[in-house]
$ cat final15.cif   # mmCIF, C-alpha atoms
data_coords
#
loop_
_atom_site.label_atom_id
_atom_site.label_comp_id
_atom_site.auth_asym_id
_atom_site.auth_seq_id
_atom_site.Cartn_x
_atom_site.Cartn_y
_atom_site.Cartn_z
CA MET A 21 -28.09 23.60 -47.57
CA THR A 22 -31.47 22.33 -48.73
CA ALA A 23 -31.90 18.59 -48.39
CA ALA A 24 -34.90 16.37 -49.05
CA VAL A 25 -35.76 12.93 -47.69
CA ILE A 26 -38.29 11.09 -49.84
CA VAL A 27 -40.90 9.25 -47.74
CA PHE A 28 -42.88 6.28 -49.06
CA PRO A 29 -45.60 4.23 -47.37
CA GLY A 30 -43.53 1.67 -45.46
CA SER A 31 -40.40 3.82 -45.06
CA ASN A 32 -39.10 3.22 -41.54
CA CYS A 33 -35.64 4.77 -41.63
CA ASP A 34 -36.74 8.19 -42.86
CA ARG A 35 -36.42 9.72 -39.40
CA ASP A 36 -32.95 8.22 -38.92
CA MET A 37 -31.90 9.77 -42.23
CA ALA A 38 -33.42 13.14 -41.34
CA VAL A 39 -31.70 13.18 -37.94
CA ALA A 40 -28.33 12.37 -39.54
CA ILE A 41 -28.67 15.10 -42.15
CA ALA A 42 -29.76 17.64 -39.53
CA ALA A 43 -26.87 16.67 -37.24
CA VAL A 44 -24.31 17.29 -39.97
CA THR A 45 -25.85 20.28 -41.74
CA GLY A 46 -27.50 22.00 -38.77
CA ARG A 47 -30.75 22.18 -40.72
CA ALA A 48 -33.64 19.73 -40.85
CA PRO A 49 -34.33 18.35 -44.33
CA ALA A 50 -37.68 18.60 -46.08
CA MET A 51 -39.67 15.39 -45.74
CA VAL A 52 -41.16 14.92 -49.20
CA TRP A 53 -44.13 12.57 -49.49
CA HIS A 54 -44.06 10.14 -52.41
CA GLY A 55 -47.25 11.63 -53.87
CA GLU A 56 -45.67 15.05 -54.42
CA THR A 57 -44.53 15.93 -57.93
CA SER A 58 -41.80 18.43 -57.13
CA LEU A 59 -38.82 18.87 -54.82
CA PRO A 60 -37.96 21.94 -52.75
CA ALA A 61 -36.56 24.78 -54.85
CA GLY A 62 -32.79 24.67 -55.06
CA VAL A 63 -32.52 21.23 -53.50
CA ASP A 64 -28.86 20.35 -52.83
CA LEU A 65 -29.18 16.74 -51.67
CA ILE A 66 -31.79 13.99 -51.96
CA ALA A 67 -31.96 10.89 -49.77
CA LEU A 68 -34.05 7.77 -50.34
CA PRO A 69 -34.24 6.04 -46.94
CA GLY A 70 -34.50 2.43 -45.91
CA GLY A 71 -37.65 0.54 -45.07
CA PHE A 72 -40.25 -1.44 -46.97
CA SER A 73 -41.79 0.93 -49.51
CA TYR A 74 -45.31 -0.23 -50.35
CA GLY A 75 -44.68 -3.32 -48.22
CA ASP A 76 -42.11 -4.63 -50.73
CA TYR A 77 -44.99 -5.92 -52.82
CA LEU A 78 -44.09 -7.28 -56.28
CA ARG A 79 -40.40 -6.82 -55.41
CA CYS A 80 -38.47 -4.34 -53.30
CA GLY A 81 -38.71 -0.83 -54.76
CA ALA A 82 -40.78 -1.81 -57.79
CA ILE A 83 -43.91 0.14 -56.83
CA ALA A 84 -41.94 3.05 -55.38
CA ALA A 85 -40.21 3.39 -58.75
CA ARG A 86 -43.55 4.51 -60.16
CA ALA A 87 -44.30 7.09 -57.46
CA ALA A 88 -45.24 10.63 -58.51
CA ILE A 89 -42.05 12.14 -57.05
CA ILE A 90 -39.65 9.88 -58.98
CA PRO A 91 -39.45 11.93 -62.22
CA ALA A 92 -38.32 14.93 -60.14
CA VAL A 93 -35.68 12.79 -58.41
CA ILE A 94 -34.37 11.52 -61.75
CA ALA A 95 -34.29 15.03 -63.20
CA ALA A 96 -32.36 16.32 -60.18
CA ALA A 97 -29.85 13.48 -60.42
CA GLU A 98 -29.33 14.23 -64.10
CA ARG A 99 -28.58 17.86 -63.14
CA GLY A 100 -25.85 16.62 -60.82
CA VAL A 101 -27.65 16.83 -57.47
CA PRO A 102 -26.23 14.19 -55.09
CA VAL A 103 -28.71 11.35 -54.48
CA LEU A 104 -28.12 8.85 -51.68
CA GLY A 105 -30.19 5.67 -51.52
CA VAL A 106 -29.76 3.44 -48.47
CA CYS A 107 -31.12 -0.12 -48.26
CA ASN A 108 -34.64 0.16 -49.72
CA GLY A 109 -33.44 3.41 -51.27
CA PHE A 110 -30.69 1.45 -53.07
CA GLN A 111 -33.31 -0.98 -54.33
CA ILE A 112 -35.38 1.93 -55.64
CA LEU A 113 -32.37 3.45 -57.41
CA THR A 114 -31.85 0.23 -59.36
CA GLU A 115 -35.56 0.00 -60.18
CA ILE A 116 -35.64 3.53 -61.64
CA GLY A 117 -32.48 2.99 -63.66
CA LEU A 118 -30.19 5.45 -61.87
CA LEU A 119 -27.99 2.52 -60.90
CA PRO A 120 -27.39 -0.79 -62.71
CA GLY A 121 -28.08 -4.25 -61.34
CA ALA A 122 -30.66 -5.48 -58.89
CA LEU A 123 -30.96 -6.42 -55.22
CA MET A 124 -31.94 -10.05 -54.70
CA ARG A 125 -32.79 -12.17 -51.66
CA ASN A 126 -29.90 -12.81 -49.32
CA ALA A 127 -28.13 -16.06 -50.08
CA GLY A 128 -29.32 -17.63 -46.82
CA LEU A 129 -32.88 -16.28 -47.27
CA ASP A 130 -32.60 -14.67 -43.84
CA PHE A 131 -33.02 -11.10 -42.65
CA ILE A 132 -29.59 -9.83 -41.59
CA GLY A 133 -29.32 -7.13 -38.96
CA ARG A 134 -25.86 -6.59 -37.45
CA ASP A 135 -22.68 -4.57 -37.67
CA VAL A 136 -20.52 -5.44 -40.65
CA ALA A 137 -17.06 -4.43 -41.84
CA VAL A 138 -16.85 -2.73 -45.23
CA THR A 139 -13.83 -1.38 -47.08
CA VAL A 140 -13.71 1.92 -48.96
CA GLU A 141 -13.00 1.06 -52.58
CA THR A 142 -12.89 4.58 -54.04
CA THR A 143 -12.56 8.07 -52.65
CA ASP A 144 -13.31 9.66 -56.01
CA SER A 145 -16.87 10.72 -55.19
CA CYS A 146 -18.60 13.33 -53.08
CA PHE A 147 -19.79 10.55 -50.77
CA THR A 148 -16.44 8.91 -50.03
CA ARG A 149 -14.01 11.81 -50.45
CA LEU A 150 -13.30 12.12 -46.71
CA TYR A 151 -12.34 8.46 -46.27
CA ALA A 152 -8.97 6.88 -47.03
CA PRO A 153 -8.64 4.29 -49.82
CA GLY A 154 -8.91 0.83 -48.35
CA GLU A 155 -10.14 2.14 -44.99
CA GLN A 156 -12.28 -0.36 -43.11
CA LEU A 157 -15.52 0.90 -41.59
CA ILE A 158 -17.99 -0.72 -39.22
CA ILE A 159 -21.55 0.09 -40.26
CA PRO A 160 -24.78 -1.81 -39.52
CA VAL A 161 -26.87 -3.60 -42.13
CA ALA A 162 -30.55 -4.47 -41.87
CA HIS A 163 -31.95 -6.21 -44.93
CA HIS A 164 -33.56 -9.30 -46.39
CA ASP A 165 -32.89 -8.43 -50.04
CA GLY A 166 -29.34 -7.08 -50.01
CA ASN A 167 -27.73 -9.50 -52.45
CA TYR A 168 -26.43 -7.15 -55.17
CA ALA A 169 -26.49 -8.87 -58.56
CA ALA A 170 -25.52 -7.90 -62.10
CA ASP A 171 -24.16 -9.65 -65.16
CA ASP A 172 -20.41 -10.10 -65.49
CA GLU A 173 -20.08 -7.37 -68.11
CA THR A 174 -21.76 -4.85 -65.79
CA LEU A 175 -19.68 -5.95 -62.81
CA ASP A 176 -16.48 -5.64 -64.82
CA ARG A 177 -17.51 -2.16 -65.94
CA LEU A 178 -18.29 -1.07 -62.37
CA GLU A 179 -14.92 -2.35 -61.20
CA GLY A 180 -13.03 -0.84 -64.13
CA GLU A 181 -14.66 2.57 -63.79
CA GLY A 182 -14.11 2.74 -60.04
CA ARG A 183 -17.84 2.72 -59.31
CA VAL A 184 -17.76 0.17 -56.49
CA ALA A 185 -17.89 2.50 -53.49
CA LEU A 186 -17.89 0.01 -50.61
CA ARG A 187 -17.22 -3.71 -50.41
CA TYR A 188 -18.08 -6.14 -47.64
CA ALA A 189 -15.01 -7.50 -45.89
CA GLU A 190 -16.80 -10.87 -45.69
CA ASP A 191 -19.56 -12.62 -47.60
CA VAL A 192 -22.52 -11.10 -45.76
CA ASN A 193 -25.41 -11.92 -48.10
CA GLY A 194 -24.05 -13.51 -51.27
CA ALA A 195 -23.71 -10.17 -53.08
CA ALA A 196 -21.71 -10.33 -56.31
CA ARG A 197 -18.06 -9.64 -55.51
CA ARG A 198 -19.23 -8.61 -52.01
CA ILE A 199 -20.41 -5.26 -53.38
CA ALA A 200 -22.05 -3.11 -50.69
CA GLY A 201 -22.28 0.22 -52.49
CA VAL A 202 -22.45 1.35 -56.12
CA LEU A 203 -22.01 4.75 -57.83
CA ASN A 204 -23.49 5.98 -61.09
CA ASP A 205 -21.14 6.96 -63.90
CA ALA A 206 -21.22 10.65 -62.93
CA GLY A 207 -20.44 9.87 -59.28
CA ASN A 208 -23.39 11.82 -57.84
CA VAL A 209 -25.72 8.86 -57.15
CA LEU A 210 -24.83 6.27 -54.52
CA GLY A 211 -26.72 3.17 -53.48
CA LEU A 212 -25.69 1.52 -50.19
CA MET A 213 -26.90 -1.50 -48.29
CA PRO A 214 -25.22 -0.59 -44.97
CA HIS A 215 -26.86 2.22 -42.99
CA PRO A 216 -24.36 5.09 -42.52
CA GLU A 217 -27.05 7.20 -40.84
CA ARG A 218 -26.90 4.78 -37.91
CA ARG A 219 -23.20 5.47 -37.27
CA ILE A 220 -22.84 9.23 -37.02
CA GLU A 221 -22.23 9.80 -33.31
CA ALA A 222 -20.53 8.04 -30.41
CA ALA A 223 -23.88 7.07 -28.88
CA HIS A 224 -24.42 4.87 -31.94
CA GLY A 225 -21.28 2.92 -31.09
CA GLY A 226 -19.13 4.72 -33.65
CA THR A 227 -18.98 7.52 -36.19
CA ASP A 228 -17.85 5.69 -39.33
CA GLY A 229 -20.92 6.83 -41.28
CA ARG A 230 -20.61 10.51 -40.45
CA ARG A 231 -17.90 11.38 -42.97
CA LEU A 232 -20.12 10.17 -45.80
CA PHE A 233 -22.60 12.93 -44.96
CA GLU A 234 -19.84 15.44 -44.28
CA GLY A 235 -18.30 14.69 -47.67
CA MET A 236 -21.58 15.37 -49.44
CA ILE A 237 -22.04 18.63 -47.57
CA ALA A 238 -18.49 19.76 -48.34
CA ALA A 239 -18.96 18.94 -52.03
CA VAL A 240 -22.20 20.90 -52.21
CA ALA A 241 -20.65 23.86 -50.38
CA ALA A 242 -17.72 23.85 -52.81
#

$ encode --input "final15.cif" --output "structure tokens"
Amino acid sequence: MTAAVIVFPGSNCDRDMAVAIAAVTGRAPAMVWHGETSLPAGVDLIALPGGFSYGDYLRCGAIAARAAIIPAVIAAAERGVPVLGVCNGFQILTEIGLLPGALMRNAGLDFIGRDVAVTVETTDSCFTRLYAPGEQLIIPVAHHDGNYAADDETLDRLEGEGRVALRYAEDVNGAARRIAGVLNDAGNVLGLMPHPERRIEAAHGGTDGRRLFEGMIAAVAA
């Protein structure tokens, strides 16, 4: 298993992501600096971590979307390599066009950092395959711009194609239809606002995020 965590100036959850991947795979991922132009040979999994890439200047993820490493990430995703973007990583995925929609300011204009309940909306992806449909998970969020937004036509398409991966059990931030996670049409790119890497072992208060990583690993191994 060869995994890569993309690191931008202002990333602050890159170590959390690396620790989670290493805990599940038994192998530390490559930490790939944003200024690189290539990924490790034979990369099996790419993660875009949370944080404040480039200080969230302009808007969250907008500058990171133009980083030197991004064309390699897009090319890998188009080849079918699983790409997981969490929090700021989700914002970047929308900015580079791998996922539709945009992440806006939370409805209350406040930073939200707490455990939230989310429901599993689809198990038809490498990320959610080890969960049960409708299963409720407790996973922490930590964001100021987590309000997922898209036009009605896009939202209807996401719902109809089973591309809503996770949904908030309550209105956490004003996100359209309480969407907490979105898949691309091929099912190998996932953007999440909750932080599954912070719920992989009992010391974290629960393990609800662990199966997301285990599902990816199992899919790659298969």

$ closest_residue --input "final15.cif" --among "A:Gly211, A:Pro69, A:Gly235, A:Gly105" --to "A:Phe147" --atoms "all atoms listed in the file"
A:Gly235

$ closest_residue --input "final15.cif" --among "A:Glu221, A:Glu98, A:Asp171, A:Asp135" --to "A:Val44" --atoms "only C-alpha atoms"
A:Glu221

$ atom_distance --input "final15.cif" --atom1 "atom CA of A:Gly166" --atom2 "atom CA of A:Asn32"
16.5 Å

$ residues_around --input "final15.cif" --residues "A:Val240" --least-positions-apart "5" --cutoff "9 Å" --atoms "only C-alpha atoms" --output "NGL selection string"
:A and (21 or 64-65 or 101-102 or 146 or 235)

$ resolve_selection --input "final15.cif" --expression "the PyMOL selection byres ((chain A and resi 82) around 10)" --output "count of residues only"
19

$ residues_around --input "final15.cif" --residues "A:Asp34" --least-positions-apart "6" --cutoff "10 Å" --atoms "only C-alpha atoms" --output "number ranges by chain"
A: 25-28, 40, 51, 67-71, 217

$ closest_residue --input "final15.cif" --among "A:Ala127, A:Leu150, A:Leu119, A:Asp165" --to "A:Leu203" --atoms "only C-alpha atoms"
A:Leu119

$ atom_distance --input "final15.cif" --atom1 "atom CA of A:Ile158" --atom2 "atom CA of A:Thr227"
8.8 Å

$ closest_residue --input "final15.cif" --among "A:Asn204, A:Thr45, A:Thr143, A:Thr174" --to "A:Gly100" --atoms "all atoms listed in the file"
A:Asn204

$ closest_residue --input "final15.cif" --among "A:Glu179, A:Ile90, A:Pro216, A:Arg231" --to "A:Asp36" --atoms "all atoms listed in the file"
A:Pro216

$ resolve_selection --input "final15.cif" --expression "the PyMOL selection byres ((chain A and resi 89) around 6)" --output "PyMOL selection string"
chain A and resi 54+56-57+87-88+90-92

$ atom_distance --input "final15.cif" --atom1 "atom CA of A:Ala23" --atom2 "atom CA of A:Ile94"
15.3 Å

$ axis_aligned_box --input "final15.cif" --around "stretch 150-164 of chain A" --padding-each-side "5 Å" --output "JSON"
{"center_x": -21.1, "center_y": 1.4, "center_z": -44.5, "size_x": 34.9, "size_y": 31.4, "size_z": 20.6}

$ closest_residue --input "final15.cif" --among "A:Leu232, A:Met37, A:Val209, A:Ala242" --to "A:Val103" --atoms "all atoms listed in the file"
A:Val209

$ residues_around --input "final15.cif" --residues "A:Val192" --least-positions-apart "2" --cutoff "10 Å" --atoms "only C-alpha atoms" --output "PyMOL selection string"
chain A and resi 126-128+132+136-137+161+166-167+188-190+194-195+198-200

$ resolve_selection --input "final15.cif" --expression "the PyMOL selection byres ((chain A and resi 212) around 9)" --output "VMD selection string"
chain A and resid 104 to 107 109 to 110 185 to 186 200 to 202 210 to 211 213 to 216

$ build_atoms --input "final15.cif" --residues "stretch 126-138 of chain A" --atoms "N, CA, C and O atoms" --output "short mmCIF file (atom, residue, chain, number, x, y, z; two decimals), in the coordinates of the input"
data_model
loop_
_atom_site.label_atom_id
_atom_site.label_comp_id
_atom_site.auth_asym_id
_atom_site.auth_seq_id
_atom_site.Cartn_x
_atom_site.Cartn_y
_atom_site.Cartn_z
N ASN A 126 -31.18 -12.38 -49.89
CA ASN A 126 -29.90 -12.81 -49.32
C ASN A 126 -29.69 -14.29 -49.57
O ASN A 126 -30.66 -15.07 -49.61
N ALA A 127 -28.44 -14.68 -49.71
CA ALA A 127 -28.13 -16.06 -50.08
C ALA A 127 -28.73 -17.06 -49.10
O ALA A 127 -29.17 -18.13 -49.49
N GLY A 128 -28.77 -16.72 -47.81
CA GLY A 128 -29.32 -17.63 -46.82
C GLY A 128 -30.81 -17.48 -46.60
O GLY A 128 -31.39 -18.16 -45.76
N LEU A 129 -31.44 -16.56 -47.36
CA LEU A 129 -32.88 -16.28 -47.27
C LEU A 129 -33.28 -15.78 -45.89
O LEU A 129 -34.43 -15.92 -45.47
N ASP A 130 -32.34 -15.18 -45.18
CA ASP A 130 -32.60 -14.67 -43.84
C ASP A 130 -32.48 -13.15 -43.82
O ASP A 130 -31.74 -12.56 -44.61
N PHE A 131 -33.22 -12.52 -42.91
CA PHE A 131 -33.02 -11.10 -42.65
C PHE A 131 -31.74 -10.95 -41.85
O PHE A 131 -31.51 -11.66 -40.87
N ILE A 132 -30.87 -10.04 -42.26
CA ILE A 132 -29.59 -9.83 -41.59
C ILE A 132 -29.60 -8.45 -40.96
O ILE A 132 -29.81 -7.44 -41.64
N GLY A 133 -29.39 -8.40 -39.66
CA GLY A 133 -29.32 -7.13 -38.96
C GLY A 133 -28.17 -7.17 -37.96
O GLY A 133 -28.31 -7.72 -36.87
N ARG A 134 -27.03 -6.59 -38.33
CA ARG A 134 -25.86 -6.59 -37.45
C ARG A 134 -24.82 -5.63 -38.00
O ARG A 134 -24.93 -5.14 -39.13
N ASP A 135 -23.82 -5.36 -37.20
CA ASP A 135 -22.68 -4.57 -37.67
C ASP A 135 -21.86 -5.40 -38.65
O ASP A 135 -21.66 -6.61 -38.43
N VAL A 136 -21.39 -4.75 -39.70
CA VAL A 136 -20.52 -5.44 -40.65
C VAL A 136 -19.32 -4.55 -40.97
O VAL A 136 -19.38 -3.32 -40.82
N ALA A 137 -18.24 -5.17 -41.40
CA ALA A 137 -17.06 -4.43 -41.84
C ALA A 137 -17.13 -4.25 -43.36
O ALA A 137 -17.42 -5.20 -44.10
N VAL A 138 -16.91 -3.02 -43.79
CA VAL A 138 -16.85 -2.73 -45.23
C VAL A 138 -15.56 -1.95 -45.50
O VAL A 138 -15.07 -1.24 -44.64
#
